[in-house]
Each structure stands twice: as C-alpha cells, then as structure tokens.
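Notes to accompany the following structure.
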Protein chains: 4
Amino acid sequence: MPEHVKTPDPARRSERSRQAILTAATELVSEVGYQKLTIEGVASRAGVGKQTIYRWWPDKGAVVLDAYLALTNADAGLTFPTTDDLEADLRLVLTSTVGQLADASFARFYRSLLTAIQNDEKLARQLNERLLGPWLEATKERLRVAVRAGEIADADLDAAVDLFYGSFYYRWLLRTGPLSTEYCDSVVALLLRALRP
Amino acid sequence: MPEHVKTPDPARRSERSRQAILTAATELVSEVGYQKLTIEGVASRAGVGKQTIYRWWPDKGAVVLDAYLALTNADAGLTFPTTDDLEADLRLVLTSTVGQLADASFARFYRSLLTAIQNDEKLARQLNERLLGPWLEATKERLRVAVRAGEIADADLDAAVDLFYGSFYYRWLLRTGPLSTEYCDSVVALLLRALRP
Amino acid sequence: MPEHVKTPDPARRSERSRQAILTAATELVSEVGYQKLTIEGVASRAGVGKQTIYRWWPDKGAVVLDAYLALTNADAGLTFPTTDDLEADLRLVLTSTVGQLADASFARFYRSLLTAIQNDEKLARQLNERLLGPWLEATKERLRVAVRAGEIADADLDAAVDLFYGSFYYRWLLRTGPLSTEYCDSVVALLLRALRP
Amino acid sequence: MPEHVKTPDPARRSERSRQAILTAATELVSEVGYQKLTIEGVASRAGVGKQTIYRWWPDKGAVVLDAYLALTNADAGLTFPTTDDLEADLRLVLTSTVGQLADASFARFYRSLLTAIQNDEKLARQLNERLLGPWLEATKERLRVAVRAGEIADADLDAAVDLFYGSFYYRWLLRTGPLSTEYCDSVVALLLRALRP
DNA sequence: AGGTAACCGAGACGGTACGTCCCGTCTTCTC
DNA sequence: GAGAAGACGGGACGTACCGTCTCGGTTACCT
C-alpha cells in the first residue's frame with residue numbers, strides 16, 4: 001500500500017490559519033447557510049489560500065463540522081444534569097436545547113451540519129463519535145442511575161433515548177410543528193410513563 | 001399591480017415532458033444523490049430543454065418533491081392499518097418502513113428529499129401538506145380509535161406520534177444506529193407503555 | 001469516428017462577444033505582453049464568461065492569433081508594392097515594417113504572436129497559411145516580375161525571400177542590433193547584388 | 001544606500017545542487033518544453049529546495065540559459081572554421097547547425113531559449129553577450145579574412161552575417177519551410193554572389 | 001574545539017490562473 | 001406558444017505553481 005498522496009505535516013500547520021478558517025466558516029454558515037457556503041468564500045474571509053483549506057480538510061462538510069465542534073467546545077467534557085429529580089433533569093435538557101435553537105444563527109448552523117451528514121457517511125460517523133455518541137451515552141447513564149434508584153423500569157434504554165431526542169428532532173428537522181416548553185413537558189411526561197416501573 | 005411575470009399556460013403543458021422529467025429526476029436522485037443532481041442532468045436525461053424545467057418548477061427541490069410524490073402515489077389515498085390489534089398495526093407501519101428503506105435507492109431518494117427541505121421552508125411546507133401532515137393525521141386517527149376503545153389513555157397524541165416516528169427517523173437521519181425489527185418492537189412496546197390507560 | 005466532443009454551433013455564435021474578446025485580447029497583449037495575458041483577464045475585460053472563450057478557441061495562442069489577424073485586416077487582400085523600381089519597392093517594404101515595429105504596442109503584439117507559435121505547431125501552421133505564406137508568395141511574385149523584366153537573375157527565390165526577411169527578423173527577434181533605415185538599405189543592396197544577372 | 005537584500009555568499013554555494021539543477025532543467029526543457037517547465041518541477045527532479053533555485057537565479061529564463069550554456073560548453077572558446085575555401089567554411093557552419101537541430105530535444109531546448117528572450121530583455125542581453133555576439137563576431141572575422149584575401153568585396157558585414165544566419169533562423173523559427181542541405185547551399189550561393197567583388 | 005552563521009531540503013503559506021461544471025436567462029428554430 | 005437545443009454571463013470547483021516564509025539539519029568558517 002504505497003499511497004503516494006503526499007500527506008502534509010501537521011507539525012508545520014499554521015494555527016493562525018486554522019483558527020481563521022474555522023471562524024470564517026462559523027460566520028458564513030450562520031449568514032448564508034450551508035448550501036451557499038463556498039470554500040472560496042471561507043478562504044477569502046479568512047485571508048487564506050484555498051489550498052490551505054484543501055490541505056487539511058477533505059470538503060466543506062468537514063470544515064463545518066470542525067467549526068461546529070470548535071464553537072461548542074464539544075471536545076471538552078459534557079455532563080448530563082444529574083439532580084435527584086429525573087423529570088426536572090430531562091426537562092432541563094430539552095428546554096435548554098429549545099433555547100439554543102431559538103438563536104437563529106445557531107439553528108442554521110446545526111441544521112447545516114445535520115444536512116451535511118445526509119450526503120457524507122464519513123462525516124456522519126465523525127459527528128457520532130465526537131458529538132452525538134457521547135451525549136447519547138451520557139443520557140443513558142443518567143437513566144441507568146434512575147434504574148438503580150428504582151425510579152424507572154429496566155427497559156431498552158437505546159430505544160428510550162431515541163424516543164426522547166427523536167420526537168424532538170423529528171419536529172424540528174421535518175418542521176411538522178413548533179418547539180415549545182409545553183411540548184418538552186409532553187415529551188418528558190410520555191417518556192416517564194413509558195419507563196415507569 | 002400588473003405582475004408581468006408571464007405565467008405559462010398549464011393547458012398547453014406537455015404531459016410527455018412532465019413525465020420524462022420526473023422519471024429522469026427519480027433515476028438521477030437514486031444514482032447520484034440530491035446534491036449532485038443537476039437541472040442540466042435532468043434535462044439531458046429527459047431529452048428536454050432546461051427552460052421546460054424552469055418554466056414549471058422553481059428549483060430542483062420542487063422537482064425532486066414532485067418526483068417523489070409521483071413515485072409513491074402519495075396523492076392517492078393512504079390508509080393507516082386498522083385491525084383490532086393496535087400493537088400489530090403500529091408494528092406493521094414501522095417494519096414496512098424499514099422494508100422500504102432497505103432499498104438503497106429509495107433510501108437515497110427519501111433522504112435527499114429530507115435534505116432538500118432543510119434549506120427551503122416553502123418546500124418543507126409543501127412536503128408537510130401533501131405527505132407528512134396527512135400521514136401524521138392518519139396515525140393520530142388510529143390512536144383516537146384506540147382511545148375510544150379504551151385501549152390507551154387520552155394523552156397528548158401530537159407528542160405521541162412524534163415519539164413514534166421521531167425515534168425511528170432520529171436513528172435513520174442521524175445514523176446513530178441500525179434499523180431492525182427488534183428496534184421496531186422496542187419502540188412500539190415503549191410507546192404502548194407510555195399510552196397505557 | 002463518433003467524436004462525442006459536442007462541438008458548438010457557429011450559427012448561434014454571438015458576434016458581440018467575439019468582437020469584445022478580440023478587442024480585449026488586443027489591448028491586453030499590448031499592455032502586459034503575451035506571457036502575462038490570461039484567459040481570465042480577457043474574459044473579464046470583455047465582459048464575457050470564460051467558457052465563451054474556451055468554447056470557440058482552444059487556447060490563448062489561438063485567441064491572440066485571431067486578434068492579430070483582426071487587427072491587421074490580414075484576411076483582406078494584401079498587395080506587394082510594384083512600381084518599375086524594384087529597389088524602391090523592396091526598400092519600401094522593409095522601412096514600412098520598421099515603422100510598424102516602432103510602435104511599441106504593435107511590436108509587443110507581433111513578438112507575442114511569434115513567441116506563441118514556438119510552442120504550438122498548429123498555431124504556426126495557421127499563421128503561415130493566413131499570414132506569412134501569402135506574403136512570402138506576394139514577395140516572390142514581385143521578384144518573378146523582375147526576373148521576367150531581366151532586372152535580376154533567375155535564382156532560388158525561396159532562399160532569396162528568406163535572405164530578405166530573415167536578416168531583418170533575425171535582428172529583431174534575437175535583438176542582436178537595432179533596426180534602422182540604413183540597415184534596410186544595406187539589406188536591399190546586398191540582396192540586389194546577390195540577384196543581379 | 002545600504003541595500004539590505006541579503007545577497008548570498010557564492011563561496012558557500014553547493015556545487016552539487018547547482019549541477020543537479022542545471023541537469024534537471026536541461027532534461028525537463030527537452031521533455032516538456034519551456035512553457036511547461038516549472039521551478040517546482042526542476043527543484044523536485046533535482047532533489048533541491050525551491051529556495052535554492054530562487055537564491056541563485058532570478059527566474060526560470062535565467063536557469064534555462066545557464067543550463068543551455070552548460071550543455072554547449074559555450075564559455076569554452078568557439079572557433080569559426082577557417083580553411084582556404086570560404087564557400088566550404090560557410091556551408092559547414094550551416095549544415096552542422098542543421099545537424100544539431102535535427103536532434104529534437106536539442107531543437108526544443110534552443111527554441112525554448114529563443115522564446116524566453118522574447119519576454120525578457122535582460123536575458124536577451126546575456127544571451128547576446130555570452131553566445132550570439134561572440135559567434136557573430138567570429139563570423140565577421142572570417143569574412144574579413146576573405147576580404148583581405150580579395151575573395152569578397154568590402155561590404156557591410158553586419159548586414160551580411162544577418163543575411164547569412166537570418167535566412168536560416170527565419171525558416172526555422174517561423175516554420176515557413178524545412179531546413180535541408182540544398183537550402184544551405186542556396187543560402188551560401190546567394191550570399192557569395194552578394195559579396196563577390 | 002565550540003559556536004554560529006549560512007546554505008540546504010522540505011514544504012506550508014497567501015495568492016493567481018487554470019480549465020470544467022453548472023447555474024438561471026435568453027435566443028433561435030421547430031412543431 | 002410550448003418545447004428542444006444550446007449559447008450566454010457568471011460563480012465556484014479542485015488543481016498546479018507562483019514566489020515567500022519558516023523549520024530543523026548540516027556544513028564551513030571564526031574565533
């Protein structure tokens with residue numbers, strides 16, 4: 001497997017350029033959306049040659065993912081709220097997500113990301129590994145705590161977290177209805193009924 | 001307000017061309033995906049001038065939506081399975097969807113459509129009016145039947161159908177896990193627990 | 001020989017664009033020279049898409065050749081001066097060429113053209129057919145008139161015209177010395193000595 | 001006028017690199033021609049950093065000139081054939097040049113060089129000083145010998161050598177006709193007629 | 001003999017232009 | 001007047017090189 005693709009040397013990478021590119025991508029995805037975002041636009045706004053982008057990222061999806069992760073500090077640890085009130089914890093997670101998505105530019109950004117993974121399995125895998133997976137695991141861990149406390153039944157937690165987040169994202173992505181606090185309450189209520197011992 | 005936009009006369013529209021365009025779009029979206037599908041490609045494959053497409057559709061999203069609707073005969077009535085076994089009915093709906101999505105080219109097509117609506121609110125509205133909305137309503141109607149039969153509690157049905165479909169689409173769109181019959185069973189089981197009287 | 005290269009239809013060609021392109025090329029080659037002339041620059045100055053250039057010309061050499069021919073009206077007939085004084089006729093041809101080359105922008109243009117043919121045999125052939133060949137033939141014809149009049153010997157006229165023009169272009173292209181009226185006189189004098197009966 | 005351009009120290013120059021660069025340039029100009037030769041290509045083939053080229057040569061024209069001079073050992077003395085037969089001497093010079101140009105890779109090289117000087121006056125001057133000038137002078141000296149011997153008239157020798165070489169290069173550079181032994185004979189014959197006492 | 005300045009290979013960088021693809025509009029000719 | 005065909009001005013693609021720069025490493029001179 002010779003692979004003559006001449007991979008660049010990360011040690012020599014310009015941190016200044018990397019930052020400028022991620023910042024430019026973040027701004028542009030908020031301003032014009034993912035589809036209309038162009039590599040040329042990012043390069044120009046970042047004051048960077050196009051090649052510098054192509055050298056380190058395979059396509060614009062990868063740039064946008066990195067920009068999103070940088071923005072949300074995703075690689076830093078994330079913790080699921082864990083008080084002694086399961087219902088309140090679940091409600092908090094949904095309502096704070098509603099709060100984030102109320103910011104139109106964040107919403108556009110996140111929607112872009114989820115659009116991008118539809119056409120790029122590699123990107124989807126990365127998103128899962130670095131963002132969704134850990135978060136789903138944290139959610140399941142919170143539920144396991146509740147199971148051990150006897151608050152909920154020992155059900156199929158994989159399906160449970162899908163019900164939890166899925167109902168929510170379903171509305172948002174397919175735009176079948178508005179997201180509201182009441183809606184969050186309904187979802188949490190139904191989920192807890194499904195999981196009651 | 002005269003509006004000089006010179007709208008074409010639908011009476012003179014060529015049915016032959018319309019069909020050819022929808023067929024070409026269907027094939028191409030299966031072959032190359034939504035992002036790489038081009039209006040020029042559709043026109044060429046359909047043996048049609050580009051103007052004929054632009055005359056009748058505003059953009060490629062609308063073409064793909066029409067192609068999808070034509071393919072699934074969506075405008076023809078759709079009926080939710082309604083036997084005397086609610087659990088079986090729900091399970092049937094999910095498993096038959098799993099069956100459809102197992103066809104890679106259909107999956108690609110459907111995924112394309114959902115990608116397209118992320119960047120086009122008008123398209124999202126149309127999809128809701130012509131496809132998702134009626135189907136969600138049919139689902140709720142099935143649940144209302146069960147409520148009247150005393151099989152399930154009189155819960156927030158809007159949230160309930162979101163749990164039902166959402167968990168499913170969440171997995172599929174975000175690629176967080178595989179779709180399987182067992183998974184369908186789990187979702188239905190949890191939903192019924194949430195709705196039991 | 002199927003040849004699926006999709007050749008464009010000359011009947012639909014935009015004359016306005018063609019003119020704009022040739023004009024822009026003429027100006028740019030005078031301003032910046034052949035090497036620094038870019039297709040993008042020509043397109044931009046002409047207010048034309050790049051594809052419109054690539055559709056009708058294979059490369060910038062061909063554009064520059066056409067621009068030169070349009071400038072010099074070369075396709076219109078050209079006549080070699082033919083009075084009853086051979087020496088004056090020959091001298092006139094050289095001195096008027098000196099005059100043309102004194103215009104720096106014309107000189108740059110012509111030099112560009114001759115540069116271009118060094119790396120493009122096809123272009124060289126076209127230049128010969130449309131410009132150099134007819135002119136060399138006209139020169140030989142003038143000499144044949146003189147032969148018939150008994151003014152000069154019946155020598156190898158091909159070599160004779162090469163001596164005539166070659167000495168001249170040799171100086172100019174290789175920059176071994178300046179072009180002057182006296183130099184023209186010397187060349188004509190030597191040539192006539194070589195050809196005297 | 002301090003001039004802070006930091007000129008490199010020729011004493012420390014790597015002879016190995018210099019040779020490798022000239023060799024690589026020679027090969028590449030033969031293989032791909034002057035236009036398609038790139039500094040990066042030369043550096044890569046020579047196993048040399050680009051900076052090492054830019055440090056010692058201003059541009060690729062200069063590299064190619066040096067490569068040509070190294071190839072032809074031009075800086076070593078060159079002598080014009082001087083027997084007691086002027087006609088044979090002249091004929092020998094032309095026919096041996098024909099011989100050299102029959103080598104396609106040499107021809108491409110030489111043509112490249114002459115292309116390069118069209119867009120670079122400084123290079124043209126260097127070529128004249130180091131190659132063309134001495135050779136034209138040697139030719140004129142041979143003719144002066146003939147003048148002193150009474151073999152030819154005391155004409156304008158500058159113009160005479162231009163006739164001699166010009167006719168030849170005119171054909172070759174402008175590709176108006178083939179170079180052959182007969183052609184050489186014709187040129188020499190005409191020149192001698194022009195110069196006969 | 002050790003220190004240091006310069007050349008060297010390598011190659012990342014901000015750029016420019018390449019030649020191609022497709023956009024959405026416009027024009028021409030046919031049915 | 002709708003439609004097939006496709007030229008047009010334009011914008012972005014991903015690639016190739018430009019000429020500059022920065023980075024260790026390796027000489028070669030100079031204390």
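In the structure tokens, each chain is lettered A, B, ... as it comes, each chain's residues begin at 1, and ligands are numbered from 1 in order of appearance.
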Could you pull the residues within 7 Å of stretch 9-15 of chain E, counting only C-alpha atoms (C1' of nucleotides), minus those fewer than 6 positions along the same chain, as a PDB file with N, CA and C atoms, in the first residue's frame?
ATOM      1  N   ARG A  12       3.791  21.378  11.077  1.00  0.00           N
ATOM      2  CA  ARG A  12       4.062  22.680  10.463  1.00  0.00           C
ATOM      3  C   ARG A  12       2.801  23.484  10.212  1.00  0.00           C
ATOM      4  N   ARG A  13       1.691  22.942  10.653  1.00  0.00           N
ATOM      5  CA  ARG A  13       0.429  23.602  10.377  1.00  0.00           C
ATOM      6  C   ARG A  13       0.362  24.963  11.067  1.00  0.00           C
ATOM      7  N   VAL A  48      -6.892  33.552   3.495  1.00  0.00           N
ATOM      8  CA  VAL A  48      -6.147  32.302   3.425  1.00  0.00           C
ATOM      9  C   VAL A  48      -6.238  31.761   2.004  1.00  0.00           C
ATOM     10  N   GLY A  49      -5.232  31.060   1.545  1.00  0.00           N
ATOM     11  CA  GLY A  49      -5.324  30.445   0.224  1.00  0.00           C
ATOM     12  C   GLY A  49      -6.247  29.232   0.243  1.00  0.00           C
TER      13      GLY A  49
ATOM     14  N   VAL D  48      16.065  19.247  -4.668  1.00  0.00           N
ATOM     15  CA  VAL D  48      16.590  20.517  -4.184  1.00  0.00           C
ATOM     16  C   VAL D  48      15.408  21.349  -3.676  1.00  0.00           C
ATOM     17  N   GLY D  49      15.620  22.192  -2.699  1.00  0.00           N
ATOM     18  CA  GLY D  49      14.568  23.091  -2.273  1.00  0.00           C
ATOM     19  C   GLY D  49      14.352  24.200  -3.287  1.00  0.00           C
TER      20      GLY D  49
END
Counting only C-alpha atoms (C1' of nucleotides), what is within 12 Å of stretch 18-24 of chain E, bar same-chain residues fewer than 2 positions away, as a ChimeraX atom specification?
/B:36-41,50-51,53-55,58-60 /C:38-40,50-51,53-55,58-60 /E:16,26 /F:8-17
Please, which residues in chain A fall within 6 Å of chain B when counting only C-alpha atoms, and what is the closest atom pair and distance in Å to one decimal for each, ordered by chain then residue number, as a tab-separated table?
residue	atom	partner	partner_atom	distance
A:Thr115	CA	B:Thr115	CA	5.6
A:Asp162	CA	B:Ser167	CA	4.5
A:Leu163	CA	B:Ser167	CA	4.4
A:Gly166	CA	B:Gly166	CA	4.2
A:Ser167	CA	B:Gly166	CA	4.2
A:Tyr170	CA	B:Gly166	CA	4.8
A:Leu190	CA	B:Ala194	CA	5.3
A:Arg193	CA	B:Ala194	CA	4.6
A:Ala194	CA	B:Ala194	CA	3.7
Find the distance between atom CA of A:Asp103 and atom CA of A:Phe80 and write it in Å to one decimal.
21.6 Å
Identify all residues of stretch 31-73 of chain C in helix (DSSP H, G or I) (DSSP on the backbone) and supply them as a list in words.
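Across stretch 31-73 of chain C, those assigned helix (DSSP H, G or I) are Glu31, Val32, Ile39, Glu40, Gly41, Val42, Ala43, Ser44, Arg45, Ala46, Lys50, Gln51, Thr52, Ile53, Tyr54, Arg55, Trp56, Lys60, Gly61, Ala62, Val63, Val64, Leu65, Asp66, Ala67, Tyr68, Leu69, Ala70 and Leu71 of chain C.
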Pull out every residue of chain F that has at least one atom within 12 Å of chain D, counting only C-alpha atoms (C1' of nucleotides), and report them as an NGL selection string.
:F and (16-22 or 27-29)
Using only C-alpha atoms (C1' of nucleotides), which protein or nucleic acid residues come within 7 Å of D:Ser30? Drop anything in the same chain fewer than 4 positions from it, and give the result as number ranges by chain.
D: 26, 105-106, 108-109
Include N, CA, C and O atoms and write out the residues we just selected as an mmCIF file, in the first residue's frame.
data_model
loop_
_atom_site.group_PDB
_atom_site.id
_atom_site.type_symbol
_atom_site.label_atom_id
_atom_site.label_comp_id
_atom_site.auth_asym_id
_atom_site.auth_seq_id
_atom_site.Cartn_x
_atom_site.Cartn_y
_atom_site.Cartn_z
ATOM 1 N N THR D 26 17.818 20.977 -17.947
ATOM 2 C CA THR D 26 18.109 20.515 -19.299
ATOM 3 C C THR D 26 17.166 19.388 -19.699
ATOM 4 O O THR D 26 16.578 19.408 -20.791
ATOM 5 N N SER D 105 15.388 17.010 -29.233
ATOM 6 C CA SER D 105 15.408 17.550 -27.875
ATOM 7 C C SER D 105 16.319 18.777 -27.816
ATOM 8 O O SER D 105 16.035 19.731 -27.099
ATOM 9 N N PHE D 106 17.389 18.765 -28.608
ATOM 10 C CA PHE D 106 18.206 19.981 -28.689
ATOM 11 C C PHE D 106 17.419 21.114 -29.311
ATOM 12 O O PHE D 106 17.450 22.264 -28.863
ATOM 13 N N ARG D 108 14.220 21.599 -29.326
ATOM 14 C CA ARG D 108 13.247 22.109 -28.370
ATOM 15 C C ARG D 108 13.924 23.019 -27.352
ATOM 16 O O ARG D 108 13.397 24.057 -26.975
ATOM 17 N N PHE D 109 15.083 22.606 -26.943
ATOM 18 C CA PHE D 109 15.846 23.380 -25.967
ATOM 19 C C PHE D 109 16.197 24.756 -26.534
ATOM 20 O O PHE D 109 15.933 25.800 -25.921
#
Two-atom distance - atom C1' of E:DC8, atom CA of D:Pro8 (Å)
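Separation between atom C1' of E:DC8 and atom CA of D:Pro8: 12.6 Å.
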Using only C-alpha atoms (C1' of nucleotides), can you tell me which of A:Ile21, A:Gly47, A:Gln126, A:Asp85 comes closest to chain E?
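Nearest to chain E: A:Gly47.
Atom CA of C:Ser180 to atom CA of C:Pro81 spans 20.2 Å [interatomic distance, one decimal].
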